[in-house]
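What follows is the content of query-v6.txt, which has compact mmCIF, C-alpha atoms:
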# COMPACT_ATOMS: atom_id res chain seq x y z
CA MET A 19 -36.96 -34.78 -26.83
CA SER A 20 -35.97 -32.53 -29.71
CA THR A 21 -38.41 -29.81 -28.54
CA SER A 22 -36.91 -29.78 -25.03
CA SER A 23 -33.33 -29.64 -26.34
CA LYS A 24 -34.36 -26.78 -28.65
CA SER A 25 -35.90 -24.80 -25.78
CA GLY A 26 -32.82 -25.58 -23.65
CA LEU A 27 -30.62 -24.13 -26.36
CA ARG A 28 -32.86 -21.06 -26.54
CA VAL A 29 -32.43 -20.54 -22.79
CA TRP A 30 -28.69 -21.08 -22.73
CA ALA A 31 -27.71 -19.39 -26.02
CA PRO A 32 -27.66 -15.81 -24.60
CA TRP A 33 -25.61 -16.96 -21.61
CA ILE A 34 -23.13 -18.78 -23.82
CA ALA A 35 -22.89 -15.75 -26.11
CA MET A 36 -22.29 -13.47 -23.12
CA ALA A 37 -19.61 -15.80 -21.73
CA VAL A 38 -17.86 -15.88 -25.13
CA VAL A 39 -17.93 -12.07 -25.38
CA ILE A 40 -16.50 -11.70 -21.85
CA VAL A 41 -13.74 -14.26 -22.41
CA VAL A 42 -12.78 -12.73 -25.77
CA ALA A 43 -12.79 -9.20 -24.29
CA LEU A 44 -10.62 -10.32 -21.35
CA ALA A 45 -8.26 -12.19 -23.68
CA ILE A 46 -7.88 -9.14 -25.95
CA GLY A 47 -7.45 -6.86 -22.92
CA THR A 48 -4.80 -9.14 -21.40
CA PHE A 49 -2.84 -10.43 -24.36
CA GLY A 50 -3.81 -8.15 -27.25
CA GLN A 51 -1.92 -5.08 -26.05
CA PRO A 52 1.22 -4.13 -27.96
CA GLU A 53 4.49 -4.37 -26.01
CA PRO A 54 4.89 -1.03 -24.16
CA THR A 55 7.92 1.09 -24.93
CA PRO A 56 10.42 1.63 -22.07
CA GLU A 57 9.05 5.15 -21.64
CA GLN A 58 5.47 3.82 -21.37
CA ARG A 59 6.63 1.21 -18.86
CA ALA A 60 8.36 3.89 -16.79
CA GLN A 61 5.22 6.04 -16.87
CA ASN A 62 2.95 3.11 -15.95
CA LEU A 63 5.24 2.15 -13.06
CA ALA A 64 5.47 5.73 -11.82
CA GLU A 65 1.69 5.81 -11.65
CA THR A 66 1.61 2.80 -9.32
CA ILE A 67 4.10 4.21 -6.80
CA ARG A 68 3.16 6.86 -4.28
CA CYS A 69 5.34 9.92 -3.87
CA PRO A 70 7.34 9.07 -0.68
CA SER A 71 6.99 12.53 0.83
CA CYS A 72 3.35 13.22 -0.14
CA LYS A 73 0.08 11.89 1.22
CA SER A 74 -1.64 10.50 -1.85
CA GLN A 75 0.02 11.54 -5.07
CA ALA A 76 1.70 9.23 -7.53
CA VAL A 77 5.39 9.62 -8.32
CA ALA A 78 4.35 10.27 -11.95
CA SER A 79 2.60 13.51 -11.06
CA SER A 80 4.83 14.77 -8.25
CA ASP A 81 7.87 17.02 -8.49
CA THR A 82 9.36 16.44 -5.04
CA PRO A 83 13.05 15.44 -4.97
CA SER A 84 12.16 11.94 -3.77
CA SER A 85 9.69 11.46 -6.65
CA GLN A 86 12.26 12.69 -9.17
CA ALA A 87 14.76 10.21 -7.71
CA VAL A 88 12.26 7.35 -7.97
CA ARG A 89 11.44 8.26 -11.61
CA LEU A 90 15.16 8.29 -12.43
CA LEU A 91 15.62 4.95 -10.68
CA ILE A 92 12.73 3.42 -12.64
CA ARG A 93 14.28 4.51 -15.96
CA GLU A 94 17.72 3.23 -14.98
CA ARG A 95 16.38 -0.12 -13.80
CA ILE A 96 14.29 -0.57 -16.97
CA LYS A 97 17.41 0.13 -19.01
CA ALA A 98 19.28 -2.43 -16.89
CA GLY A 99 16.62 -5.03 -17.76
CA ASP A 100 14.80 -5.33 -14.43
CA SER A 101 11.18 -6.47 -14.40
CA ASP A 102 8.37 -4.20 -13.17
CA GLU A 103 8.02 -6.37 -10.08
CA GLN A 104 11.73 -6.09 -9.24
CA ILE A 105 11.61 -2.31 -9.58
CA ARG A 106 8.48 -2.02 -7.42
CA ASP A 107 10.03 -4.33 -4.81
CA TYR A 108 13.18 -2.23 -4.65
CA VAL A 109 11.27 1.03 -4.20
CA ALA A 110 9.10 -0.61 -1.52
CA SER A 111 12.25 -1.84 0.24
CA ARG A 112 13.50 1.77 0.45
CA TYR A 113 10.19 3.50 1.02
CA PRO A 114 7.73 1.17 2.73
CA GLN A 115 4.04 1.80 2.05
CA THR A 116 4.56 3.55 -1.26
CA LEU A 117 2.97 0.98 -3.58
CA LEU A 118 -0.43 2.24 -4.68
CA GLU A 119 -1.50 -1.22 -5.80
CA PRO A 120 -1.59 -3.70 -2.94
CA PRO A 121 0.71 -6.70 -3.35
CA GLY A 122 -0.70 -10.02 -4.52
CA ASN A 123 0.52 -11.85 -1.42
CA GLY A 124 -0.04 -11.70 2.34
CA PHE A 125 -2.65 -9.28 3.64
CA GLY A 126 -2.87 -7.55 0.25
CA THR A 127 -4.35 -10.70 -1.29
CA LEU A 128 -7.61 -9.94 0.51
CA VAL A 129 -8.03 -6.73 -1.47
CA TRP A 130 -7.89 -8.67 -4.75
CA ALA A 131 -9.66 -11.82 -3.63
CA LEU A 132 -12.58 -10.48 -1.56
CA PRO A 133 -14.42 -8.67 -4.40
CA VAL A 134 -14.12 -11.77 -6.61
CA ILE A 135 -15.38 -14.00 -3.77
CA PHE A 136 -18.29 -11.63 -3.10
CA VAL A 137 -19.26 -11.54 -6.78
CA ILE A 138 -19.15 -15.35 -7.03
CA VAL A 139 -21.20 -15.78 -3.84
CA ALA A 140 -23.71 -13.13 -4.97
CA VAL A 141 -24.14 -14.69 -8.43
CA ALA A 142 -24.45 -18.16 -6.90
CA GLY A 143 -27.07 -16.84 -4.46
CA LEU A 144 -29.05 -15.23 -7.29
CA VAL A 145 -28.89 -18.42 -9.37
CA VAL A 146 -30.15 -20.50 -6.45
CA ARG A 147 -33.00 -18.07 -5.76
CA PHE A 148 -34.06 -17.74 -9.39
CA ARG A 149 -34.05 -21.49 -9.85
CA ALA A 150 -36.41 -21.81 -6.88
CA TYR A 151 -38.79 -19.30 -8.54
CA ARG A 152 -38.94 -21.15 -11.87
CA PRO A 153 -42.50 -22.11 -12.80
CA GLY A 154 -42.96 -25.83 -12.40
CA GLY A 155 -40.08 -25.89 -9.98
CA ARG A 156 -42.49 -27.10 -7.32
CA ALA A 157 -45.12 -29.71 -8.24
CA VAL A 158 -48.76 -29.06 -7.29
CA THR A 159 -49.88 -31.63 -4.76
CA GLN A 160 -53.35 -32.99 -4.18
CA GLU A 161 -53.30 -31.11 -0.89
CA ASP A 162 -52.87 -27.82 -2.80
CA ARG A 163 -55.78 -28.71 -5.11
CA ASP A 164 -58.00 -29.50 -2.13
CA LEU A 165 -57.09 -26.18 -0.55
CA VAL A 166 -58.06 -24.25 -3.70
CA ALA A 167 -61.30 -26.21 -4.09
CA GLU A 168 -62.17 -25.59 -0.44
CA ALA A 169 -61.52 -21.87 -0.86
CA LEU A 170 -63.71 -21.69 -3.97
CA GLU A 171 -66.55 -23.49 -2.29
CA ALA A 172 -66.44 -21.34 0.84
CA PRO A 173 -69.45 -19.00 1.32
CA VAL A 174 -68.96 -15.56 -0.19
CA PRO A 175 -68.48 -12.91 2.55
CA PRO A 176 -71.13 -10.17 2.60
CA ALA A 177 -70.29 -7.19 0.35
CA ALA A 178 -69.09 -4.06 2.09
CA GLU A 179 -71.47 -1.10 2.05
CA GLY A 180 -70.79 2.28 0.45
CA PRO A 181 -70.18 3.66 -3.03
CA ASP A 182 -66.62 2.27 -3.23
CA ALA A 183 -67.70 -1.20 -2.25
CA PRO A 184 -66.40 -3.79 -4.67
CA ALA A 185 -68.82 -5.57 -6.92
CA ASP A 186 -69.69 -9.18 -6.30
CA PRO A 187 -66.64 -11.35 -6.76
CA VAL A 188 -66.61 -12.94 -10.14
CA GLU A 189 -65.57 -16.49 -10.27
CA GLU A 190 -62.55 -16.78 -12.48
CA PRO A 191 -62.08 -19.82 -14.65
CA VAL A 192 -59.68 -22.28 -13.04
CA MET B 29 -50.04 -25.51 8.40
CA THR B 30 -47.78 -26.55 5.54
CA ALA B 31 -47.82 -23.08 3.94
CA THR B 32 -46.13 -21.44 6.95
CA GLU B 33 -43.39 -24.07 7.43
CA PRO B 34 -40.68 -22.62 5.11
CA ALA B 35 -40.69 -19.23 6.89
CA PRO B 36 -38.53 -20.13 9.95
CA ARG B 37 -36.14 -22.03 7.69
CA ARG B 38 -35.63 -18.98 5.48
CA SER B 39 -35.16 -16.65 8.44
CA ARG B 40 -32.58 -19.07 9.83
CA THR B 41 -30.68 -18.99 6.52
CA VAL B 42 -30.78 -15.20 6.54
CA MET B 43 -29.58 -15.19 10.15
CA PHE B 44 -26.64 -17.49 9.35
CA ALA B 45 -25.74 -15.40 6.30
CA ALA B 46 -25.86 -12.21 8.39
CA ILE B 47 -23.71 -13.82 11.11
CA GLY B 48 -21.22 -14.97 8.45
CA VAL B 49 -20.95 -11.48 6.93
CA GLY B 50 -20.74 -9.96 10.41
CA VAL B 51 -17.89 -12.27 11.43
CA VAL B 52 -15.93 -11.46 8.24
CA MET B 53 -16.43 -7.72 8.80
CA LEU B 54 -15.39 -8.04 12.45
CA LEU B 55 -12.24 -9.94 11.48
CA LEU B 56 -11.37 -7.24 8.95
CA VAL B 57 -11.91 -4.49 11.53
CA VAL B 58 -9.74 -6.35 14.08
CA LEU B 59 -7.03 -6.85 11.44
CA LEU B 60 -7.05 -3.18 10.52
CA ILE B 61 -7.06 -2.02 14.15
CA THR B 62 -4.18 -4.26 15.18
CA ARG B 63 -1.97 -3.34 12.21
CA LYS B 64 0.36 -0.38 12.47
CA ASN B 65 -0.98 2.59 10.53
CA ALA B 66 0.81 3.96 7.48
CA GLU B 67 2.29 6.86 9.43
CA GLU B 68 3.91 4.51 11.97
CA ARG B 69 5.15 2.16 9.30
CA SER B 70 6.74 5.03 7.38
CA THR B 71 9.03 5.58 10.38
CA ASP B 72 10.41 2.06 10.02
CA SER B 73 13.63 2.81 8.23
CA PRO B 74 14.78 0.11 5.84
CA VAL B 75 18.43 0.78 6.65
CA LEU B 76 18.27 0.53 10.44
CA GLY B 77 20.39 -2.35 11.74
CA LYS B 78 21.91 -2.89 8.31
CA THR B 79 25.19 -1.99 6.66
CA ALA B 80 25.06 1.65 5.65
CA PRO B 81 24.41 2.21 1.93
CA ALA B 82 27.23 3.85 -0.04
CA LEU B 83 27.64 7.62 -0.20
CA ASN B 84 28.42 8.14 -3.87
CA GLY B 85 27.77 11.86 -4.25
CA LYS B 86 30.50 14.24 -5.34
CA ALA B 87 31.98 16.42 -2.61
CA LEU B 88 30.71 20.00 -2.80
CA ILE B 89 32.65 20.90 0.33
CA GLY B 90 35.53 18.92 1.82
CA GLU B 91 36.72 15.59 0.49
CA GLU B 92 34.85 12.65 -0.96
CA PHE B 93 34.04 10.09 1.61
CA ASP B 94 33.53 6.37 1.83
CA ILE B 95 31.85 4.65 4.76
CA GLY B 96 33.98 2.11 6.54
CA THR B 97 37.24 3.95 6.00
CA THR B 98 37.39 5.37 9.54
CA ASP B 99 37.09 3.90 13.00
CA ARG B 100 34.80 6.72 14.11
CA TRP B 101 31.08 7.04 14.51
CA LEU B 102 29.45 8.82 11.63
CA LEU B 103 26.44 11.12 11.59
CA VAL B 104 25.03 11.15 8.06
CA ASN B 105 22.78 14.17 7.68
CA PHE B 106 20.38 14.80 4.78
CA PHE B 107 19.44 18.44 4.40
CA ALA B 108 18.43 21.27 2.08
CA THR B 109 18.97 25.00 2.43
CA TRP B 110 15.28 25.67 1.61
CA CYS B 111 14.18 23.54 4.55
CA VAL B 112 13.58 25.64 7.68
CA PRO B 113 14.06 22.80 10.23
CA CYS B 114 17.39 22.05 8.51
CA VAL B 115 18.52 25.63 9.05
CA GLN B 116 17.42 25.39 12.68
CA GLU B 117 19.27 22.11 13.08
CA HIS B 118 22.57 23.45 11.74
CA PRO B 119 24.01 24.76 15.05
CA GLN B 120 23.47 21.31 16.60
CA LEU B 121 25.38 19.69 13.74
CA ARG B 122 28.18 22.19 14.25
CA LYS B 123 28.32 21.19 17.91
CA VAL B 124 28.43 17.46 17.07
CA ALA B 125 31.21 18.12 14.55
CA ALA B 126 33.21 20.32 16.94
CA ASP B 127 32.85 17.91 19.89
CA GLY B 128 33.61 14.98 17.61
CA GLU B 129 36.78 16.59 16.42
CA LYS B 130 37.88 17.15 20.00
CA SER B 131 37.03 13.63 21.20
CA GLY B 132 38.05 11.96 17.95
CA LYS B 133 34.90 9.89 18.10
CA VAL B 134 32.41 11.32 15.61
CA ASP B 135 32.45 12.67 12.07
CA VAL B 136 29.59 14.52 10.48
CA ILE B 137 28.81 14.23 6.80
CA SER B 138 25.99 16.00 5.03
CA VAL B 139 24.18 14.94 1.86
CA VAL B 140 22.27 17.54 -0.14
CA TYR B 141 18.61 16.78 -0.80
CA GLY B 142 17.04 18.49 -3.81
CA ASP B 143 19.13 21.65 -3.68
CA LYS B 144 21.59 23.66 -5.80
CA ALA B 145 25.34 23.42 -5.24
CA ALA B 146 25.75 27.22 -5.20
CA ASP B 147 23.06 27.63 -2.53
CA VAL B 148 24.69 24.92 -0.40
CA ARG B 149 28.15 26.53 -0.61
CA ARG B 150 26.70 29.93 0.28
CA PHE B 151 24.78 28.40 3.19
CA PHE B 152 27.94 26.88 4.70
CA GLU B 153 29.87 30.10 4.19
CA GLU B 154 27.20 32.00 6.07
CA LYS B 155 26.30 29.49 8.78
CA GLY B 156 29.68 27.86 9.28
CA GLY B 157 30.68 24.21 9.33
CA ASP B 158 33.61 22.58 7.60
CA TRP B 159 32.61 18.95 7.36
CA THR B 160 32.21 17.10 4.08
CA VAL B 161 29.08 17.89 2.08
CA LEU B 162 28.16 15.56 -0.77
CA ASP B 163 25.83 16.38 -3.64
CA SER B 164 22.55 14.48 -3.94
CA ASP B 165 23.78 12.21 -6.76
CA ASP B 166 20.44 12.91 -8.52
CA GLY B 167 18.59 11.79 -5.39
CA ARG B 168 20.06 8.27 -5.50
CA THR B 169 21.75 8.54 -2.11
CA ALA B 170 18.56 9.67 -0.37
CA LEU B 171 16.62 6.89 -2.10
CA ASP B 172 19.15 4.25 -1.03
CA TRP B 173 18.86 5.50 2.54
CA GLY B 174 15.06 5.68 2.36
CA VAL B 175 14.99 9.43 2.96
CA ALA B 176 11.80 11.17 1.83
CA LYS B 177 11.76 14.26 4.04
CA VAL B 178 14.51 16.45 5.42
CA PRO B 179 16.09 16.95 7.83
CA GLU B 180 16.87 13.34 8.51
CA SER B 181 20.06 11.90 9.98
CA PHE B 182 21.50 8.48 10.68
CA LEU B 183 24.08 7.39 13.21
CA VAL B 184 26.47 4.85 11.71
CA SER B 185 28.69 2.76 13.97
CA PRO B 186 32.45 2.42 13.37
CA THR B 187 31.70 -1.01 11.89
CA GLY B 188 29.51 0.62 9.24
CA VAL B 189 26.09 -0.35 10.59
CA VAL B 190 23.20 2.14 10.81
CA VAL B 191 22.12 2.11 14.46
CA GLU B 192 19.84 5.13 14.78
CA ARG B 193 17.58 7.32 12.73
CA PHE B 194 16.76 10.96 13.57
CA GLN B 195 13.77 12.48 11.85
CA GLY B 196 13.16 16.20 12.04
CA GLY B 197 16.53 17.41 13.30
CA VAL B 198 19.23 16.17 15.65
CA VAL B 199 20.17 17.39 19.10
CA ALA B 200 23.91 17.20 19.79
CA SER B 201 23.54 15.94 23.36
CA ASP B 202 21.22 13.13 22.17
CA VAL B 203 23.79 11.97 19.65
CA GLU B 204 26.57 12.02 22.23
CA ASP B 205 24.43 10.20 24.81
CA LEU B 206 23.53 7.52 22.28
CA ILE B 207 27.14 6.95 21.34
CA ALA B 208 28.07 6.69 25.03
CA THR B 209 25.23 4.19 25.59
CA TYR B 210 26.26 2.03 22.66
CA GLU B 211 29.90 2.09 23.71
CA ASP B 212 28.95 1.14 27.29
CA GLN B 213 26.84 -1.73 25.96
CA ALA B 214 29.70 -2.92 23.76
CA ALA B 215 32.15 -2.69 26.70
CA GLY B 216 29.64 -4.52 28.95
CA SER B 217 29.21 -7.34 26.49
CA GLY B 218 32.94 -8.05 26.41
CA GLY B 219 34.14 -5.26 24.16
CA SER B 220 33.78 -7.35 21.05
CA GLY B 221 33.07 -4.22 19.02
CA SER B 222 32.19 -0.63 19.51
CA SER B 223 29.01 -0.69 17.44
CA GLY B 224 26.88 -2.20 20.18
CA ASP B 225 24.49 -3.60 17.59
CA GLY B 226 26.04 -6.92 16.81
CA GLY B 227 25.25 -6.34 13.13
CA SER B 228 27.31 -6.54 10.00

Once you've parsed the file, please lay out its structure as structure tokens.
Amino acid sequence: MSTSSKSGLRVWAPWIAMAVVIVVALAIGTFGQPEPTPEQRAQNLAETIRCPSCKSQAVASSDTPSSQAVRLLIRERIKAGDSDEQIRDYVASRYPQTLLEPPGNGFGTLVWALPVIFVIVAVAGLVVRFRAYRPGGRAVTQEDRDLVAEALEAPVPPAAEGPDAPADPVEEPV
Amino acid sequence: MTATEPAPRRSRTVMFAAIGVGVVMLLLVVLLITRKNAEERSTDSPVLGKTAPALNGKALIGEEFDIGTTDRWLLVNFFATWCVPCVQEHPQLRKVAADGEKSGKVDVISVVYGDKAADVRRFFEEKGGDWTVLDSDDGRTALDWGVAKVPESFLVSPTGVVVERFQGGVVASDVEDLIATYEDQAAGSGGSGSSGDGGS
């Protein structure tokens, strides 16, 4: 009993350690950041909004009049105490299709959810397959033993001729 | 033989998995095909059918203006002197303004988009036109109206509702025809209002 629980721990310890590292890293990445200054918030927001009159440039790096107006609006709204979501919603209400990050609702949910679903399905598939390959996963039946014995007792086929012909098969210990 | 039995089962699993992935991909393709593309959606103006946003810019030419203070139709034009289609559009705006003054039906008002006041004044001196021109109010007006490219104009009904959007320059006869159509519709529906949109 104690030997099996020890080997179980040995198998699971790396996985547990990896899970702990991932959770801690995600927690630090999510909650450990210092509160951004209003200027940092404005910059971050400007990077998630597309310049309304360009094809694929963020407001943060564009100097068109519409981008300048959006940057000014972001600063004013931050000063007025609006949340990032409120600001993004307002810009999207004026300039549809300018949010570079898809929304977390409606059709946009697919963009966020599908990769996660694929990863989960892929990992689950791998786990199922690897479990099937585990030694001892399938018990040897008497039928299997008979098959092996029959094969070992079968007459040896005549050796092929020529210099590259393999030597007589050597019976390996079972 | 027992050794060959699992093979069809596995190929069936693979087939079902492939069908599942195929169906998901097909659904995605159908979804993407049936949705309007970004270009089409960008022509959906957020102000159409709604009460016109305020015009808060300072008057560079003429007098400051507030929507809803007249009983006329209003053509709100966003322009810049550096924009070639805007320069080409200017004679049409002059015609709308001149005809509107005669008929007493339409006013034109221009809003500067990313341009200098001195350039705008010089432009009007050279090209003519005596309607009110408002400054860009640091781009706020254009943003409130959802304007990203000039020239762009909006027809506002006497009740203050945006009924039409013109992208890439107006044609005077089109504006006049539209106003006539809306007025006919309003008269046909009992003359409850001259906007013809039932909004506001």

For this session: Tell me which of B:Leu60, B:Leu54, B:Val112, B:Val191 sits closest to chain A, counting only C-alpha atoms.
Result: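 Smallest distance to chain A is found for B:Leu60.
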
With a cut-off of 6 Å, could you pull out the residues of segment 109-207 of chain B touching segment 75-91 of chain A and give me the nearest pair of atoms for each, distance in Å to one decimal, using all atoms listed in the file, ordered by chain and ascending number, as a Markdown table?
| residue | atom | partner | partner_atom | distance |
| --- | --- | --- | --- | --- |
| B:Gly142 | CA | A:Pro83 | CA | 5.2 |
| B:Gly167 | CA | A:Ala87 | CA | 4.7 |
| B:Ala176 | CA | A:Ser84 | CA | 5.7 |

For this session: Kindly provide, as a ChimeraX atom specification, the residues of chain A having any atom no farther than 7 Å from an atom of chain B, counting all atoms listed in the file.
Result: /A:70-71,83-84,87,111-115

With C-alpha atoms retained, export the selected residues as a PDB file, in the frame of the given file.
ATOM      1  CA  PRO A  70       7.340   9.070  -0.680  1.00  0.00           C
ATOM      2  CA  SER A  71       6.990  12.530   0.830  1.00  0.00           C
ATOM      3  CA  PRO A  83      13.050  15.440  -4.970  1.00  0.00           C
ATOM      4  CA  SER A  84      12.160  11.940  -3.770  1.00  0.00           C
ATOM      5  CA  ALA A  87      14.760  10.210  -7.710  1.00  0.00           C
ATOM      6  CA  SER A 111      12.250  -1.840   0.240  1.00  0.00           C
ATOM      7  CA  ARG A 112      13.500   1.770   0.450  1.00  0.00           C
ATOM      8  CA  TYR A 113      10.190   3.500   1.020  1.00  0.00           C
ATOM      9  CA  PRO A 114       7.730   1.170   2.730  1.00  0.00           C
ATOM     10  CA  GLN A 115       4.040   1.800   2.050  1.00  0.00           C
TER      11      GLN A 115
END

Problem set entry | Point-to-point distance from atom CA of Val115 of chain B to atom CA of Lys155 of chain B, Å rounded to tenths |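 Value for the atom CA of Val115 of chain B-atom CA of Lys155 of chain B distance: 8.7 Å.
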
Problem set entry | Interatomic distance (Å, one decimal) between atom CA of Gly85 of chain B and atom CA of Glu94 of chain A |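 Taking atom CA of Gly85 of chain B as the start and atom CA of Glu94 of chain A as the end point, the length is 17.0 Å.
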